[in-house]
>>> print(open('structure_19.txt').read())   # compact mmCIF, C-alpha atoms
# COMPACT_ATOMS: atom_id res chain seq x y z
CA GLU Z 10 0.00 0.00 0.00
CA ARG Z 11 1.37 3.40 -1.04
CA ARG Z 12 1.56 5.96 1.72
CA GLU Z 13 1.14 9.67 1.22
CA PRO Z 14 3.99 11.82 2.48
CA THR Z 15 3.30 13.31 5.85
CA PRO Z 16 3.11 17.10 6.35
CA ALA Z 17 6.33 16.82 8.33
CA GLY Z 18 8.00 15.14 5.36
CA ARG Z 19 6.76 17.78 2.97
CA GLN Z 20 7.92 20.51 5.31
CA SER Z 21 11.32 18.89 5.62
CA TRP Z 22 11.68 18.71 1.83
CA SER Z 23 10.60 22.33 1.39
CA SER Z 24 12.94 23.40 4.17
CA ARG Z 25 15.86 21.67 2.48
CA VAL Z 26 15.07 23.32 -0.84
CA GLY Z 27 14.67 26.70 0.84
CA GLY Z 28 17.92 26.24 2.70
CA GLN Z 29 19.79 25.33 -0.46
CA TRP Z 30 18.29 28.31 -2.28
CA SER Z 31 19.30 30.62 0.56
CA ARG Z 32 22.82 29.21 0.69
CA PHE Z 33 23.16 29.57 -3.08
CA TRP Z 34 22.57 33.32 -2.87
CA PHE Z 35 23.50 34.39 0.65
CA ALA Z 36 26.11 32.00 2.06
CA ALA Z 37 29.24 33.75 3.29
CA VAL Z 38 32.15 32.69 1.10
CA ASP Z 39 35.81 33.46 0.60
CA PRO Z 40 35.88 36.82 -1.28
CA SER Z 41 38.85 35.77 -3.43
CA GLY Z 42 36.47 35.12 -6.33
CA LEU Z 43 35.17 38.69 -6.19
CA ASN Z 44 38.72 40.00 -5.78
CA GLY Z 45 39.88 38.11 -8.85
CA ALA Z 46 36.88 39.26 -10.88
CA ARG Z 47 37.55 42.85 -9.80
CA VAL Z 48 41.15 42.66 -11.02
CA LEU Z 49 40.18 41.11 -14.36
CA VAL Z 50 37.29 43.51 -15.02
CA GLY Z 51 39.38 46.50 -13.96
CA ALA Z 52 42.20 45.44 -16.28
CA LEU Z 53 39.71 44.87 -19.11
CA VAL Z 54 38.19 48.34 -18.69
CA LEU Z 55 41.65 49.90 -18.42
CA THR Z 56 42.83 48.23 -21.63
CA TRP Z 57 39.62 49.21 -23.39
CA LEU Z 58 40.00 52.86 -22.36
CA LEU Z 59 43.66 52.97 -23.33
CA SER Z 60 42.74 51.83 -26.85
CA PHE Z 61 41.15 55.29 -27.36
CA ALA Z 62 44.26 57.19 -26.20
CA GLY Z 63 45.27 60.01 -28.51
CA HIS Z 64 41.96 59.88 -30.35
CA GLN Z 65 39.45 60.58 -27.60
CA GLN Z 66 38.46 63.89 -29.19
CA GLU Z 67 37.83 62.29 -32.59
CA PHE Z 68 35.89 59.40 -31.06
CA PHE Z 69 33.86 61.17 -28.38
CA GLY Z 70 34.16 64.94 -28.81
CA LEU Z 71 31.37 67.10 -30.18
CA GLY Z 72 33.57 67.82 -33.21
CA GLY Z 73 34.47 64.19 -33.82
CA VAL Z 74 32.97 61.27 -35.74
CA PHE Z 75 29.59 61.71 -34.07
CA ASP Z 76 29.48 65.50 -33.85
CA ALA Z 77 27.06 67.98 -32.29
CA ARG Z 78 24.91 68.06 -35.44
CA ALA Z 79 24.54 64.26 -35.34
CA TYR Z 80 23.39 64.46 -31.71
CA GLN Z 81 20.82 67.12 -32.61
CA GLU Z 82 19.47 65.14 -35.55
CA THR Z 83 19.21 61.86 -33.65
CA ALA Z 84 17.50 63.63 -30.75
CA ARG Z 85 14.63 64.42 -33.15
CA MET Z 86 14.24 60.77 -34.16
CA PRO Z 87 11.44 58.63 -32.68
CA ILE Z 88 12.45 57.01 -29.41
CA GLU Z 89 12.09 53.47 -30.76
CA SER Z 90 14.52 54.15 -33.63
CA SER Z 91 16.98 56.49 -31.92
CA PRO Z 92 20.47 54.99 -31.44
CA LEU Z 93 21.27 57.26 -28.51
CA VAL Z 94 21.51 56.07 -24.93
CA GLY Z 95 19.11 57.98 -22.73
CA TRP Z 96 21.83 59.63 -20.66
CA SER Z 97 25.60 59.94 -20.56
CA PRO Z 98 28.04 62.25 -18.74
CA LEU Z 99 29.67 62.97 -22.09
CA TYR Z 100 26.59 64.89 -23.21
CA ALA Z 101 27.52 67.64 -20.71
CA LEU Z 102 31.18 67.89 -21.76
CA ARG Z 103 31.26 70.83 -24.14
CA THR Z 104 35.00 71.50 -24.34
CA PRO Z 105 38.04 69.36 -25.29
CA LEU Z 106 39.58 70.06 -21.87
CA ALA Z 107 36.53 68.70 -20.04
CA LEU Z 108 36.55 65.56 -22.17
CA ASN Z 109 40.28 65.00 -21.60
CA LEU Z 110 39.89 65.42 -17.84
CA PHE Z 111 37.02 62.93 -17.79
CA TYR Z 112 38.91 60.48 -20.00
CA PHE Z 113 42.14 60.46 -18.00
CA GLY Z 114 40.16 60.42 -14.75
CA SER Z 115 38.40 57.30 -16.00
CA ILE Z 116 41.76 55.66 -16.73
CA LEU Z 117 42.92 56.48 -13.20
CA ALA Z 118 39.72 55.05 -11.68
CA ALA Z 119 40.08 51.80 -13.65
CA LEU Z 120 43.74 51.52 -12.64
CA LEU Z 121 42.93 52.01 -8.94
CA LEU Z 122 40.10 49.47 -9.21
CA THR Z 123 42.51 46.93 -10.68
CA LEU Z 124 45.04 47.59 -7.92
CA GLY Z 125 42.37 47.46 -5.20
CA VAL Z 126 42.72 51.01 -3.88
CA ALA Z 127 39.62 52.81 -2.49
CA THR Z 128 37.36 50.42 -4.39
CA ARG Z 129 34.11 51.76 -2.92
CA ILE Z 130 34.89 55.07 -4.59
CA VAL Z 131 36.55 54.04 -7.85
CA ALA Z 132 34.22 51.11 -8.68
CA PRO Z 133 31.19 53.40 -9.25
CA LEU Z 134 33.42 55.84 -11.15
CA THR Z 135 34.65 53.01 -13.38
CA TRP Z 136 31.11 51.88 -14.12
CA LEU Z 137 30.16 55.50 -14.87
CA SER Z 138 33.04 55.80 -17.33
CA VAL Z 139 31.95 52.61 -19.12
CA VAL Z 140 28.41 54.01 -19.40
CA ALA Z 141 29.82 57.26 -20.75
CA PHE Z 142 32.13 55.82 -23.40
CA THR Z 143 29.62 53.25 -24.68
CA SER Z 144 26.99 55.92 -25.31
CA ASN Z 145 28.34 57.03 -28.70
CA PRO Z 146 26.50 55.17 -31.50
CA ALA Z 147 29.51 55.51 -33.81
CA MET Z 148 31.68 53.59 -31.33
CA TRP Z 149 29.13 51.01 -30.17
CA PHE Z 150 30.11 47.36 -30.42
CA GLY Z 151 27.95 44.43 -29.35
CA GLY Z 152 30.54 43.23 -26.86
CA ASP Z 153 30.28 46.54 -24.99
CA ALA Z 154 27.07 45.29 -23.37
CA LEU Z 155 29.14 42.63 -21.59
CA LEU Z 156 31.53 45.30 -20.34
CA LEU Z 157 28.59 47.30 -18.99
CA MET Z 158 27.24 44.24 -17.18
CA LEU Z 159 30.56 43.20 -15.64
CA SER Z 160 31.47 46.68 -14.42
CA PHE Z 161 28.00 47.08 -12.91
CA TYR Z 162 28.22 43.92 -10.80
CA ILE Z 163 31.77 44.69 -9.73
CA MET Z 164 30.50 48.07 -8.55
CA ILE Z 165 27.74 46.38 -6.54
CA GLY Z 166 30.21 43.94 -5.02
CA CYS Z 167 32.70 46.64 -4.05
CA LEU Z 168 29.96 48.78 -2.48
CA LEU Z 169 28.44 45.93 -0.45
CA ASP Z 170 31.50 43.91 0.50
CA GLY Z 171 32.42 44.45 4.13
CA LEU Z 172 29.25 46.33 5.05
CA GLU Z 173 27.94 43.37 7.07
CA LYS Z 174 30.31 44.59 9.76
CA ILE Z 175 29.98 48.05 11.21
CA PRO Z 176 33.10 50.04 10.21
CA GLN Z 177 35.30 51.34 12.99
CA SER Z 178 34.88 54.91 11.76
CA PRO Z 179 32.48 56.68 9.36
CA LEU Z 180 35.37 57.27 6.95
CA ALA Z 181 36.07 53.51 6.76
CA ILE Z 182 33.05 53.10 4.51
CA PHE Z 183 35.06 54.79 1.73
CA GLY Z 184 37.96 52.39 2.09
CA SER Z 185 38.68 49.15 0.29
CA PRO Z 186 37.64 45.86 1.90
CA GLN Z 187 38.99 44.00 -1.13
CA ALA Z 188 42.54 42.69 -1.12
CA PRO Z 189 45.02 44.91 -3.02
CA ILE Z 190 46.61 43.19 -5.99
CA TRP Z 191 50.08 43.13 -4.42
CA ARG Z 192 48.74 41.13 -1.47
CA MET Z 193 46.90 38.78 -3.80
CA LEU Z 194 50.10 38.14 -5.78
CA ALA Z 195 51.99 37.54 -2.54
CA GLY Z 196 49.35 35.05 -1.38
CA LYS Z 197 48.72 36.90 1.87
CA SER Z 198 45.37 36.59 3.60
CA GLU Z 199 43.23 39.58 4.47
CA ASP Z 200 43.23 41.16 7.92
CA ARG Z 201 39.45 41.05 8.19
CA GLU Z 202 37.34 37.92 8.41
CA THR Z 203 37.78 36.01 5.19
CA THR Z 204 34.11 35.35 4.37
CA SER Z 205 31.64 37.68 2.73
CA THR Z 206 27.94 37.37 1.93
CA ALA Z 207 28.17 40.26 -0.53
CA ALA Z 208 30.91 38.49 -2.49
CA ASN Z 209 28.71 35.42 -2.95
CA LEU Z 210 25.61 37.42 -3.90
CA THR Z 211 27.55 39.51 -6.42
CA MET Z 212 29.16 36.53 -8.12
CA ARG Z 213 25.85 34.64 -8.28
CA LEU Z 214 24.08 37.60 -9.87
CA MET Z 215 26.88 37.97 -12.38
CA GLN Z 216 26.82 34.25 -13.23
CA VAL Z 217 23.05 34.13 -13.69
CA HIS Z 218 23.01 37.29 -15.81
CA LEU Z 219 25.88 36.00 -17.95
CA ALA Z 220 24.09 32.66 -18.44
CA ILE Z 221 20.94 34.51 -19.54
CA GLU Z 222 22.89 36.61 -22.04
CA ILE Z 223 24.63 33.54 -23.47
CA GLY Z 224 21.27 31.79 -23.77
CA ARG Z 225 19.75 34.78 -25.58
CA ALA Z 226 22.69 34.90 -27.99
CA HIS Z 227 22.05 31.28 -29.04
CA VAL Z 228 18.28 31.55 -29.44
>>> encode(input="structure_19.txt", output="structure tokens")
Amino acid sequence: ERREPTPAGRQSWSSRVGGQWSRFWFAAVDPSGLNGARVLVGALVLTWLLSFAGHQQEFFGLGGVFDARAYQETARMPIESSPLVGWSPLYALRTPLALNLFYFGSILAALLLTLGVATRIVAPLTWLSVVAFTSNPAMWFGGDALLLMLSFYIMIGCLLDGLEKIPQSPLAIFGSPQAPIWRMLAGKSEDRETTSTAANLTMRLMQVHLAIEIGRAHV
């Protein structure tokens, strides 16, 4: 005779599934995965930005390939057919000096992110620079969407990592809980506790998003 599962059995099964789901997203893990991803993404953004060096005015200036007249004409196009991104810091840069300052500041932010210096500050700045320099329709490449995604999740990870513990001072929130690259290369452990919920959540979000994008590309 077949017996129906008891409510306790069903509850136990659902509890196990819920526990596994919770651990998948929110288990505290070694943040070395996030640290490594930060270094790789930072180096990728840095290399990408350096490829524009010496030609940033031609590529992104209002007198360049996509000039002020092109911006004005595309702004009058219907929203569904307009190639412009809705917003970019570059739209406010009216002079070559302002563009150069923004460009070299973006290179500095990506370099500091790669090195692991003040990551809570430079990670958002790096993401902002990627948004800015992928906004020009003349320079858009399909792979840039991946760069936008990666820099966004690294920003989230750098902002959240270490916040589960109250910082010793208000200024500590602007520091860098991630391991600097010279300590990673030396194989030295971090001074703080070596597990992070934010590192796990960030990497899981990045993995799931990347899997979705790969699936869409093959449909």
>>> closest_residue(input="structure_19.txt", among="Z:Leu108, Z:Arg85, Z:Arg25, Z:Ala77", to="His64 (chain Z)", atoms="all atoms listed in the file")
Z:Leu108
>>> atom_distance(input="structure_19.txt", atom1="CA of Arg129 (chain Z)", atom2="CA of Gly171 (chain Z)")
10.3 Å
>>> residues_around(input="structure_19.txt", residues="region 150-163 of chain Z", least_positions_apart="6", cutoff="7 Å", atoms="only C-alpha atoms", output="number ranges by chain")
Z: 47, 50, 132, 136, 139-140, 143, 211, 215
>>> closest_residue(input="structure_19.txt", among="Z:Gly166, Z:Gly224, Z:Gly72, Z:Gly114", to="Leu58 (chain Z)", atoms="all atoms listed in the file")
Z:Gly114
>>> atom_distance(input="structure_19.txt", atom1="CA of Leu59 (chain Z)", atom2="CA of Leu134 (chain Z)")
16.2 Å
>>> decode(input="structure_19.txt", residues="region 92-141 of chain Z", atoms="C-alpha atoms", output="compact mmCIF listing (two decimals), in the first residue's frame")
# COMPACT_ATOMS: atom_id res chain seq x y z
CA PRO Z 92 20.47 54.99 -31.44
CA LEU Z 93 21.27 57.26 -28.51
CA VAL Z 94 21.51 56.07 -24.93
CA GLY Z 95 19.11 57.98 -22.73
CA TRP Z 96 21.83 59.63 -20.66
CA SER Z 97 25.60 59.94 -20.56
CA PRO Z 98 28.04 62.25 -18.74
CA LEU Z 99 29.67 62.97 -22.09
CA TYR Z 100 26.59 64.89 -23.21
CA ALA Z 101 27.52 67.64 -20.71
CA LEU Z 102 31.18 67.89 -21.76
CA ARG Z 103 31.26 70.83 -24.14
CA THR Z 104 35.00 71.50 -24.34
CA PRO Z 105 38.04 69.36 -25.29
CA LEU Z 106 39.58 70.06 -21.87
CA ALA Z 107 36.53 68.70 -20.04
CA LEU Z 108 36.55 65.56 -22.17
CA ASN Z 109 40.28 65.00 -21.60
CA LEU Z 110 39.89 65.42 -17.84
CA PHE Z 111 37.02 62.93 -17.79
CA TYR Z 112 38.91 60.48 -20.00
CA PHE Z 113 42.14 60.46 -18.00
CA GLY Z 114 40.16 60.42 -14.75
CA SER Z 115 38.40 57.30 -16.00
CA ILE Z 116 41.76 55.66 -16.73
CA LEU Z 117 42.92 56.48 -13.20
CA ALA Z 118 39.72 55.05 -11.68
CA ALA Z 119 40.08 51.80 -13.65
CA LEU Z 120 43.74 51.52 -12.64
CA LEU Z 121 42.93 52.01 -8.94
CA LEU Z 122 40.10 49.47 -9.21
CA THR Z 123 42.51 46.93 -10.68
CA LEU Z 124 45.04 47.59 -7.92
CA GLY Z 125 42.37 47.46 -5.20
CA VAL Z 126 42.72 51.01 -3.88
CA ALA Z 127 39.62 52.81 -2.49
CA THR Z 128 37.36 50.42 -4.39
CA ARG Z 129 34.11 51.76 -2.92
CA ILE Z 130 34.89 55.07 -4.59
CA VAL Z 131 36.55 54.04 -7.85
CA ALA Z 132 34.22 51.11 -8.68
CA PRO Z 133 31.19 53.40 -9.25
CA LEU Z 134 33.42 55.84 -11.15
CA THR Z 135 34.65 53.01 -13.38
CA TRP Z 136 31.11 51.88 -14.12
CA LEU Z 137 30.16 55.50 -14.87
CA SER Z 138 33.04 55.80 -17.33
CA VAL Z 139 31.95 52.61 -19.12
CA VAL Z 140 28.41 54.01 -19.40
CA ALA Z 141 29.82 57.26 -20.75
